[in-house]
>>> print(open('data38.cif').read())   # mmCIF, C-alpha atoms
data_run
#
loop_
_atom_site.label_atom_id
_atom_site.label_comp_id
_atom_site.auth_asym_id
_atom_site.auth_seq_id
_atom_site.Cartn_x
_atom_site.Cartn_y
_atom_site.Cartn_z
CA MET A 1 79.95 141.07 127.43
CA ARG A 2 81.55 138.33 125.38
CA LYS A 3 83.15 136.32 128.17
CA PRO A 4 79.91 135.07 129.85
CA LEU A 5 78.53 134.12 126.41
CA ILE A 6 81.61 132.01 125.63
CA ILE A 7 81.35 130.24 128.97
CA THR A 8 77.70 129.48 128.32
CA LEU A 9 78.36 128.03 124.89
CA LEU A 10 81.23 125.88 126.13
CA SER A 11 78.96 124.41 128.76
CA VAL A 12 76.31 123.24 126.24
CA PRO A 13 77.94 119.87 125.29
CA ALA A 14 78.16 118.87 128.94
CA VAL A 15 74.45 119.47 129.36
CA MET A 16 73.50 117.66 126.16
CA TYR A 17 75.28 114.44 127.10
CA SER A 18 74.85 114.29 130.88
CA GLN A 19 71.32 112.94 131.17
CA ASP A 20 70.17 109.34 131.45
CA LEU A 21 67.83 108.08 128.73
CA ILE A 22 65.04 105.61 129.53
CA VAL A 23 63.85 103.82 126.37
CA LYS A 24 60.42 102.28 126.97
CA SER A 25 59.19 99.05 125.41
CA ASP A 26 56.92 101.00 123.04
CA GLY A 27 59.90 102.92 121.64
CA SER A 28 59.21 106.24 123.41
CA GLU A 29 62.00 107.90 125.41
CA ILE A 30 62.29 109.73 128.73
CA GLN A 31 65.18 112.09 129.46
CA ALA A 32 65.80 111.52 133.14
CA LYS A 33 68.12 111.35 136.12
CA VAL A 34 67.85 107.73 137.28
CA LEU A 35 67.84 107.49 141.09
CA SER A 36 67.56 103.73 141.63
CA VAL A 37 67.08 100.49 139.69
CA GLU A 38 65.16 97.86 141.64
CA GLU A 39 64.02 94.39 140.65
CA SER A 40 60.54 95.52 139.61
CA LYS A 41 60.81 99.28 139.11
CA VAL A 42 63.07 102.19 138.24
CA CYS A 43 62.86 105.48 140.14
CA TYR A 44 63.83 108.70 138.40
CA LYS A 45 63.35 112.43 138.13
CA LYS A 46 62.61 114.24 134.89
CA TRP A 47 65.81 115.74 133.53
CA THR A 48 64.13 119.12 132.98
CA ASN A 49 62.77 119.20 136.56
CA GLN A 50 65.27 117.50 138.87
CA SER A 51 63.95 119.39 141.88
CA GLY A 52 60.44 118.10 141.12
CA PRO A 53 58.65 114.86 142.05
CA THR A 54 60.19 111.39 141.87
CA TYR A 55 58.59 109.04 139.33
CA SER A 56 58.70 105.25 139.09
CA LEU A 57 58.27 102.94 136.11
CA ASN A 58 57.87 99.16 136.15
CA THR A 59 60.82 97.36 134.57
CA ASP A 60 58.49 95.29 132.37
CA LYS A 61 57.68 98.55 130.54
CA ILE A 62 61.35 99.44 129.98
CA PHE A 63 63.43 98.25 127.06
CA MET A 64 66.74 99.88 127.98
CA ILE A 65 68.39 102.59 130.09
CA LYS A 66 71.32 104.51 128.59
CA TYR A 67 73.30 106.12 131.40
CA GLU A 68 75.21 109.40 131.16
CA ASN A 69 78.56 107.52 131.36
CA GLY A 70 77.72 105.42 128.30
CA GLU A 71 76.77 102.21 130.13
CA LYS A 72 73.45 100.48 129.49
CA ASP A 73 70.96 98.28 131.30
CA VAL A 74 68.80 96.21 128.93
CA PHE A 75 65.51 94.81 130.23
CA SER A 76 63.49 91.94 128.79
CA GLY A 77 60.04 92.08 130.34
CA ASN A 78 60.17 90.56 133.85
CA LYS A 79 63.35 88.68 133.10
CA ASP A 80 66.67 89.60 134.67
CA SER A 81 68.22 92.74 133.28
CA GLY A 82 71.59 92.52 131.65
CA LYS A 83 74.11 94.24 129.44
CA ALA A 84 75.11 93.32 125.93
CA SER A 85 77.73 94.70 123.59
CA ALA A 86 78.56 94.40 119.93
CA ALA A 87 81.58 92.30 120.87
CA ASP A 88 79.47 89.70 122.68
CA ASP A 89 77.31 88.20 119.93
CA ASP A 90 76.68 85.02 121.96
CA ALA A 91 74.91 86.86 124.80
CA ASP A 92 71.12 86.77 124.93
CA GLY A 93 69.45 90.13 124.47
CA TYR A 94 70.17 93.45 122.86
CA VAL A 95 73.35 93.91 120.81
CA GLU A 96 74.24 97.51 120.08
CA LYS A 97 75.56 98.27 116.62
CA GLN A 98 77.43 101.49 115.95
CA PRO A 99 76.20 103.88 113.21
CA ALA A 100 77.72 103.20 109.80
CA ALA A 101 80.32 105.56 108.37
CA ASN A 102 77.71 107.01 105.99
CA ASN A 103 75.03 107.55 108.66
CA ALA A 104 75.59 111.31 108.97
CA GLU A 105 75.49 111.63 105.18
CA LEU A 106 72.16 109.75 105.05
CA VAL A 107 70.69 112.01 107.73
CA MET A 108 71.76 115.12 105.80
CA LYS A 109 70.13 113.71 102.65
CA TYR A 110 66.74 114.07 104.35
CA ASN A 111 67.48 117.66 105.40
CA PRO A 112 67.97 119.29 101.99
CA LYS A 113 67.70 122.96 101.19
CA VAL A 114 64.03 123.83 100.59
CA GLU A 115 62.93 126.46 98.09
CA PHE A 116 59.64 128.28 98.57
CA ASN A 117 57.26 130.09 96.22
CA LEU A 118 55.09 131.91 98.74
CA LYS A 119 53.55 135.37 99.08
CA ARG A 120 52.43 135.96 102.65
CA LYS A 121 48.94 137.48 102.93
CA ASP A 122 47.12 139.33 105.72
CA SER A 123 44.20 136.88 105.88
CA LYS A 124 44.50 133.65 107.84
CA THR A 125 43.90 129.96 107.17
CA LYS A 126 43.75 126.69 109.08
CA TYR A 127 45.13 124.69 106.16
CA CYS A 128 48.80 123.80 106.35
CA PHE A 129 51.30 121.01 105.74
CA PRO A 130 54.79 120.20 107.10
CA VAL A 131 58.19 119.74 105.50
CA MET A 132 59.94 117.16 107.66
CA GLY A 133 63.56 116.82 108.72
CA VAL A 134 65.58 114.01 110.35
CA GLU A 135 67.33 114.60 113.67
CA PRO A 136 71.13 114.02 113.78
CA SER A 137 70.67 111.52 116.63
CA SER A 138 68.95 109.09 114.23
CA VAL A 139 70.70 105.84 113.30
CA LEU A 140 69.55 105.13 109.76
CA SER A 141 72.39 102.75 108.95
CA ASN A 142 74.68 100.34 110.75
CA GLU A 143 76.77 97.36 109.65
CA ASP A 144 73.64 95.20 109.08
CA VAL A 145 70.79 97.30 107.77
CA GLU A 146 69.84 100.69 106.32
CA MET A 147 66.53 102.53 106.59
CA SER A 148 65.20 104.75 103.79
CA PHE A 149 62.07 106.86 103.25
CA VAL A 150 60.84 106.35 99.69
CA ARG A 151 58.41 108.89 98.20
CA LYS A 152 55.50 107.25 96.37
CA ALA A 153 52.48 108.35 94.40
CA ALA A 154 50.50 105.58 96.10
CA PRO A 155 47.13 104.20 94.93
CA SER A 156 44.15 105.54 96.83
CA ASN A 157 40.35 105.35 96.63
CA TYR A 158 38.39 106.13 93.47
CA GLY A 159 41.43 105.29 91.36
CA SER A 160 43.32 108.37 92.56
CA VAL A 161 46.86 108.65 93.90
CA ALA A 162 48.12 109.98 97.24
CA LEU A 163 51.48 111.22 98.51
CA ARG A 164 52.96 108.61 100.85
CA TYR A 165 56.38 107.49 102.06
CA TYR A 166 57.33 103.83 102.28
CA ILE A 167 59.89 102.77 104.89
CA GLU A 168 62.42 100.55 103.15
CA ILE A 169 64.78 98.29 105.12
CA LYS A 170 67.87 97.16 103.23
CA ASN A 171 69.85 94.07 104.25
CA LYS A 172 73.55 94.92 103.82
CA THR A 173 74.81 91.48 104.88
CA SER A 174 75.22 88.04 103.33
CA LYS A 175 72.81 86.62 105.94
CA ILE A 176 69.02 86.68 106.21
CA ILE A 177 67.79 89.56 108.36
CA TYR A 178 64.53 89.14 110.32
CA VAL A 179 62.41 92.17 111.27
CA ASP A 180 59.75 91.82 113.97
CA LYS A 181 56.96 94.28 113.15
CA GLY A 182 55.24 93.45 116.45
CA ASN A 183 58.11 95.05 118.34
CA SER A 184 58.90 97.80 115.85
CA PHE A 185 57.09 101.07 116.49
CA ARG A 186 55.89 104.29 114.94
CA SER A 187 55.46 107.10 117.47
CA VAL A 188 53.51 110.26 116.59
CA ASN A 189 53.97 113.00 119.18
CA ASN A 190 54.83 110.29 121.77
CA ILE A 191 51.81 108.09 120.97
CA SER A 192 53.26 104.75 119.82
CA THR A 193 51.76 101.92 117.78
CA PRO A 194 53.44 98.76 116.43
CA PHE A 195 53.83 98.26 112.68
CA TYR A 196 52.14 94.87 112.99
CA ASP A 197 48.34 94.89 112.85
CA PRO A 198 46.85 91.44 113.58
CA LYS A 199 43.42 92.33 112.16
CA GLN A 200 42.40 90.57 108.98
CA VAL A 201 40.79 92.63 106.22
CA SER A 202 38.31 90.88 103.96
CA VAL A 203 37.04 92.30 100.69
CA SER A 204 33.97 90.54 99.39
CA THR A 205 32.26 90.92 96.03
CA GLY A 206 29.35 88.62 96.73
CA GLY A 207 28.09 85.75 98.90
CA GLY A 208 30.45 83.36 100.61
CA SER A 209 33.63 83.97 102.53
CA GLY A 210 37.30 83.23 102.49
CA ALA A 211 39.70 82.56 105.35
CA SER A 212 43.42 82.78 106.01
CA MET A 213 45.30 80.84 108.65
CA GLY A 214 48.47 82.94 108.55
CA LEU A 215 50.19 84.50 111.51
CA GLY A 216 47.41 87.06 111.90
CA SER A 217 45.01 84.27 112.93
CA VAL A 218 47.09 83.30 115.95
CA ALA A 219 48.34 86.76 116.93
CA GLY A 220 46.25 86.64 120.08
CA ALA A 221 48.33 83.76 121.40
CA LEU A 222 51.54 85.70 120.85
CA GLY A 223 50.46 89.17 121.86
CA VAL A 224 51.29 92.14 119.67
CA GLY A 225 53.61 93.46 122.37
CA GLY A 226 55.18 90.09 123.11
CA LEU A 227 58.88 89.82 123.77
CA ILE A 228 61.13 89.30 120.79
CA GLY A 229 62.76 86.27 122.38
CA ASP A 230 59.40 84.65 123.04
CA LEU A 231 58.19 84.30 119.44
CA ALA A 232 56.60 80.95 118.76
CA GLY A 233 58.39 78.76 116.22
CA GLY A 234 57.05 77.01 113.17
CA LEU A 235 54.24 79.46 112.44
CA SER A 236 53.08 80.28 108.96
CA VAL A 237 53.61 83.92 108.05
CA GLY A 238 51.74 83.74 104.75
CA GLY A 239 49.53 86.44 103.28
CA GLY A 240 45.92 85.86 102.23
CA THR A 241 43.67 83.43 100.43
CA SER A 242 41.12 84.23 97.78
CA SER A 243 38.07 82.71 96.14
CA SER A 244 35.78 83.85 93.39
CA VAL A 245 33.85 86.00 95.84
CA SER A 246 36.26 87.04 98.60
CA THR A 247 39.85 87.95 99.30
CA THR A 248 41.26 88.04 102.83
CA TYR A 249 44.40 90.00 103.66
CA THR A 250 46.64 89.44 106.67
CA GLN A 251 49.89 91.09 107.66
CA GLN A 252 53.16 89.30 108.20
CA ARG A 253 54.60 89.90 111.64
CA ILE A 254 58.07 88.62 110.78
CA LEU A 255 59.69 89.96 107.62
CA ALA A 256 62.61 87.94 106.27
CA ILE A 257 64.98 90.00 104.13
CA PRO A 258 67.28 87.98 101.84
CA PRO A 259 70.96 88.95 101.63
CA HIS A 260 71.60 92.26 99.88
CA SER A 261 67.88 92.82 99.31
CA SER A 262 65.22 95.22 100.60
CA VAL A 263 61.63 95.13 101.88
CA TYR A 264 59.01 97.75 102.75
CA ILE A 265 58.00 97.68 106.41
CA SER A 266 55.09 100.01 105.60
CA GLU A 267 53.10 100.00 102.37
CA HIS A 268 50.01 101.83 101.11
CA MET A 269 47.43 99.49 99.61
CA TRP A 270 43.79 99.80 98.54
CA ASP A 271 41.57 97.21 96.84
CA ASN A 272 38.81 98.08 94.38
CA TYR A 273 36.17 95.44 95.02
CA LYS A 274 33.05 96.77 93.28
CA GLY A 275 32.58 99.73 90.97
CA ASN A 276 33.88 102.80 92.80
CA LYS A 277 33.98 100.98 96.16
CA TRP A 278 37.47 100.78 97.65
CA LYS A 279 38.80 99.42 100.93
CA GLN A 280 42.13 100.32 102.51
CA ILE A 281 44.25 97.25 103.24
CA SER A 282 47.38 98.83 104.69
CA GLU A 283 48.82 102.31 105.20
CA ALA A 284 52.22 103.93 104.66
CA GLU A 285 53.73 107.06 106.21
CA ASP A 286 51.48 110.11 105.99
CA PHE A 287 52.87 113.23 107.70
CA ARG A 288 50.16 115.62 108.82
CA ILE A 289 49.82 118.34 111.43
CA GLU A 290 46.62 119.50 113.08
CA PRO A 291 46.62 123.12 114.38
CA LYS A 292 45.86 123.16 118.09
CA ASN A 293 42.99 125.08 119.68
CA GLY A 294 41.74 126.44 116.38
CA GLU A 295 45.12 128.01 115.56
CA ARG A 296 45.28 129.97 112.32
CA PHE A 297 48.25 131.00 110.20
CA PHE A 298 48.67 133.85 107.76
CA LYS A 299 48.08 132.47 104.28
CA GLU A 300 51.28 131.37 102.57
CA GLU A 301 53.23 131.95 105.75
CA CYS A 302 56.23 129.66 106.34
CA ILE A 303 57.14 128.95 109.97
CA GLU A 304 60.53 127.37 110.72
CA TYR A 305 61.09 125.07 113.73
CA THR A 306 63.92 123.25 115.45
CA ALA A 307 63.83 119.65 116.64
CA GLU A 308 63.21 120.95 120.16
CA ASN A 309 60.22 123.23 119.54
CA SER A 310 58.60 121.48 116.57
CA PRO A 311 54.88 120.70 117.11
CA CYS A 312 55.02 117.67 114.81
CA LYS A 313 57.33 114.75 115.67
CA TYR A 314 57.48 111.20 114.32
CA LYS A 315 59.78 108.50 115.70
CA TYR A 316 60.56 105.10 114.18
CA PHE A 317 62.10 102.23 116.11
CA ILE A 318 62.89 99.07 114.12
CA LYS A 319 64.04 95.84 115.81
CA TYR A 320 65.73 93.11 113.83
CA SER A 321 67.83 90.00 114.26
CA THR A 322 70.21 87.84 112.24
CA SER A 323 68.70 84.72 113.86
CA SER A 324 65.14 83.51 113.33
CA ASP A 325 64.63 82.84 117.06
CA PHE A 326 65.61 86.44 117.99
CA ARG A 327 67.95 85.22 120.70
CA THR A 328 69.97 88.39 120.08
CA TYR A 329 68.67 91.49 118.35
CA SER A 330 69.59 95.05 117.41
CA SER A 331 67.79 98.18 116.28
CA ILE A 332 67.87 101.27 114.12
CA ASN A 333 65.84 104.42 114.64
CA ALA A 334 64.77 107.60 112.89
CA ASN A 335 63.50 110.74 114.61
CA LEU A 336 61.63 113.14 112.32
CA TYR A 337 60.25 116.59 113.03
CA ALA A 338 58.55 119.38 111.11
CA ARG A 339 61.31 121.73 109.90
CA TYR A 340 58.76 124.02 108.30
CA ILE A 341 55.00 124.43 108.38
CA ILE A 342 53.58 125.97 105.21
CA ALA A 343 50.21 127.67 105.65
CA LYS A 344 48.70 126.77 102.33
CA GLY A 345 46.41 124.01 101.12
CA VAL A 346 47.44 121.56 98.43
CA TYR A 347 44.26 121.82 96.37
CA THR A 348 43.12 119.30 93.79
CA ASN A 349 40.12 118.99 91.52
CA TYR A 350 38.17 115.74 91.56
CA GLY A 351 35.78 117.03 88.95
CA GLU A 352 38.49 117.04 86.30
CA ASN A 353 40.00 113.77 87.55
CA ASN A 354 43.37 115.48 87.76
CA TRP A 355 44.28 113.87 91.09
CA SER A 356 44.49 110.46 89.44
CA SER A 357 47.67 111.71 87.77
CA GLU A 358 51.05 111.50 89.51
CA LYS A 359 52.18 114.33 87.24
CA TYR A 360 49.44 116.62 88.56
CA MET A 361 50.17 115.64 92.17
CA ASN A 362 53.82 116.62 91.70
CA LYS A 363 52.75 119.91 90.09
CA CYS A 364 50.61 120.78 93.14
CA TYR A 365 53.62 120.51 95.44
CA ASN A 366 56.14 121.92 92.97
CA ASP A 367 54.06 125.12 92.61
CA ILE A 368 54.67 125.73 96.32
CA ILE A 369 58.13 124.12 96.67
CA PRO A 370 59.93 124.58 93.33
CA ASN A 371 62.57 121.92 94.06
CA PHE A 372 60.09 119.28 95.31
CA VAL A 373 60.35 117.07 92.20
CA SER A 374 64.10 117.53 91.74
CA VAL A 375 64.87 116.49 95.35
CA PRO A 376 63.14 113.11 95.89
CA SER A 377 64.67 112.75 99.37
CA MET A 378 62.65 115.74 100.61
CA ILE A 379 59.96 114.51 103.03
CA VAL A 380 56.75 116.53 102.71
CA GLY A 381 53.46 116.00 104.51
CA ARG A 382 49.98 116.62 103.20
CA CYS A 383 47.38 119.22 104.00
CA ASN A 384 45.38 118.83 107.21
CA TYR A 385 42.12 117.91 105.54
CA ASP A 386 40.91 114.79 103.79
CA TYR A 387 40.92 114.75 100.01
#
>>> encode(input="data38.cif", output="structure tokens")
Amino acid sequence: MRKPLIITLLSVPAVMYSQDLIVKSDGSEIQAKVLSVEESKVCYKKWTNQSGPTYSLNTDKIFMIKYENGEKDVFSGNKDSGKASAADDDADGYVEKQPAANNAELVMKYNPKVEFNLKRKDSKTKYCFPVMGVEPSSVLSNEDVEMSFVRKAAPSNYGSVALRYYIEIKNKTSKIIYVDKGNSFRSVNNISTPFYDPKQVSVSTGGGSGASMGLGSVAGALGVGGLIGDLAGGLSVGGGTSSSVSTTYTQQRILAIPPHSSVYISEHMWDNYKGNKWKQISEAEDFRIEPKNGERFFKEECIEYTAENSPCKYKYFIKYSTSSDFRTYSSINANLYARYIIAKGVYTNYGENNWSSEKYMNKCYNDIIPNFVSVPSMIVGRCNYDY
């Protein structure tokens, strides 16, 4: 009985590393068996169904193909495909950087032991929230940059606070690092959006208007999904302008990180413009899960998942360059999934104004997860209802 089991286990590594990986321009990935690479399209079969239909994908929608033998094809829109390596810094296009020596340690930091204070009940509830983990395949750190998830009691509407996570990018070099938010993506269950939002947000307290001629004003000429190498030069990337009656906010598309410094690529920001009237300016990371098809859980039940079967997945793909013209560029990535789903609401009381206190917010989570406060690297979502 043991011999077949041993053979099966020994065969697992070969399966895990024998598929091709198609990385699309929006940061999503396809595990595949690539059949052919033509000038305008790539033909492939899904890795999990190689006897099934043959699919094709236009090369202008593909960022890179990682083949099972370790080789890569890097695509740049409709331009000629090519290969780049870390040893060829003068070549145009993607330059792969190996994970830093502490990368595995950083990944483990976001997968801490989780304590629970739960008493499972027979009745059911739709309210739940996830405790997230980071997949081992993530590259949070290389020789240039390091990505961190920073827990914040962020400002929210009505003067309250909300649990959010800011993505911090640290420049480890003595050079300026440039991050292109227009080609850096957040993917939630395979639905991807860029970090850069070209919309301007104006908050007005009276008559009149303000205007800002930063990068957001000319984003239409560039295109949010424009190629990194095609960024226009000499553009202002300033923030907003204000007057006595109006403030206009715009996002920066290009973030310049000074040597040995850090910036937030996502940030939670609200503006109180009149009495109890608030407007959201920008959003940070907010991990939520919505039960499908009216699914209910037993109250205070805790369901554990793996990266493969988790119903809640977030992926982050950050592109950066050491040159302002992005002639060459690299990337780091983080793949998060719900390690646990806790079937309990995180209840607050507006009437007593308790939610305006960071201390009370921490107490709400610590009552359910006793080591929540003591382990700041733990990534916890919020309940699946608006508060």
>>> closest_residue(input="data38.cif", among="A:Pro99, A:Pro370, A:Pro258, A:Pro155", to="Ser141 in chain A", atoms="all atoms listed in the file")
A:Pro99
>>> resolve_selection(input="data38.cif", expression="the PyMOL selection byres ((chain A and resi 23) around 10)", output="list in words")
Asp20, Leu21, Ile22, Lys24, Ser25, Asp26, Gly27, Ser28, Glu29, Ile30, Gln31, Lys61, Ile62, Phe63, Met64, Ile65, Lys66, Val74 and Phe75 of chain A
>>> atom_distance(input="data38.cif", atom1="CA of Leu255 in chain A", atom2="CA of Asn335 in chain A")
22.3 Å
>>> resolve_selection(input="data38.cif", expression="the PyMOL selection byres ((chain A and resi 140) around 7)", output="list in words")
Asn103, Ser138, Val139, Ser141, Glu146, Met147, Ile332, Asn333 and Ala334 of chain A
>>> write_last_selection(input="data38.cif", atoms="C-alpha atoms", output="compact mmCIF listing (two decimals), in the frame of the given file")
# COMPACT_ATOMS: atom_id res chain seq x y z
CA ASN A 103 75.03 107.55 108.66
CA SER A 138 68.95 109.09 114.23
CA VAL A 139 70.70 105.84 113.30
CA SER A 141 72.39 102.75 108.95
CA GLU A 146 69.84 100.69 106.32
CA MET A 147 66.53 102.53 106.59
CA ILE A 332 67.87 101.27 114.12
CA ASN A 333 65.84 104.42 114.64
CA ALA A 334 64.77 107.60 112.89
>>> atom_distance(input="data38.cif", atom1="CA of Ile281 in chain A", atom2="CA of Tyr196 in chain A")
12.8 Å
>>> residues_around(input="data38.cif", residues="Val263 in chain A", least_positions_apart="4", cutoff="7 Å", atoms="all atoms listed in the file", output="ChimeraX atom specification")
/A:168-170,257
>>> atom_distance(input="data38.cif", atom1="CA of His268 in chain A", atom2="CA of Phe326 in chain A")
27.7 Å
>>> resolve_selection(input="data38.cif", expression="the PyMOL selection byres ((chain A and resi 55) around 12)", output="list in words")
Ile30, Ala32, Lys33, Val34, Leu35, Ser36, Lys41, Val42, Cys43, Tyr44, Lys45, Lys46, Trp47, Asn49, Gln50, Ser51, Gly52, Pro53, Thr54, Ser56, Leu57 and Asn58 of chain A
>>> residues_around(input="data38.cif", residues="range 312-322 of chain A", least_positions_apart="6", cutoff="9 Å", atoms="all atoms listed in the file", output="number ranges by chain")
A: 26-28, 130, 132, 144-145, 175-181, 183-190, 192, 228, 287-290, 328-339
>>> closest_residue(input="data38.cif", among="A:Phe372, A:Tyr165, A:Phe129, A:Trp278", to="Val346 in chain A", atoms="only C-alpha atoms")
A:Phe129
>>> axis_aligned_box(input="data38.cif", around="range 325-330 of chain A", padding_each_side="6 Å", output="JSON")
{"center_x": 67.3, "center_y": 88.9, "center_z": 118.9, "size_x": 17.3, "size_y": 24.2, "size_z": 15.6}
>>> closest_residue(input="data38.cif", among="A:Ile167, A:Cys128, A:Ala153, A:Ala100", to="Arg296 in chain A", atoms="all atoms listed in the file")
A:Cys128
>>> closest_residue(input="data38.cif", among="A:Thr125, A:Thr247, A:Ser266, A:Ser40", to="Pro194 in chain A", atoms="all atoms listed in the file")
A:Ser266
>>> residues_around(input="data38.cif", residues="Ile368 in chain A", least_positions_apart="6", cutoff="8 Å", atoms="all atoms listed in the file", output="VMD selection string")
chain A and resid 116 to 118
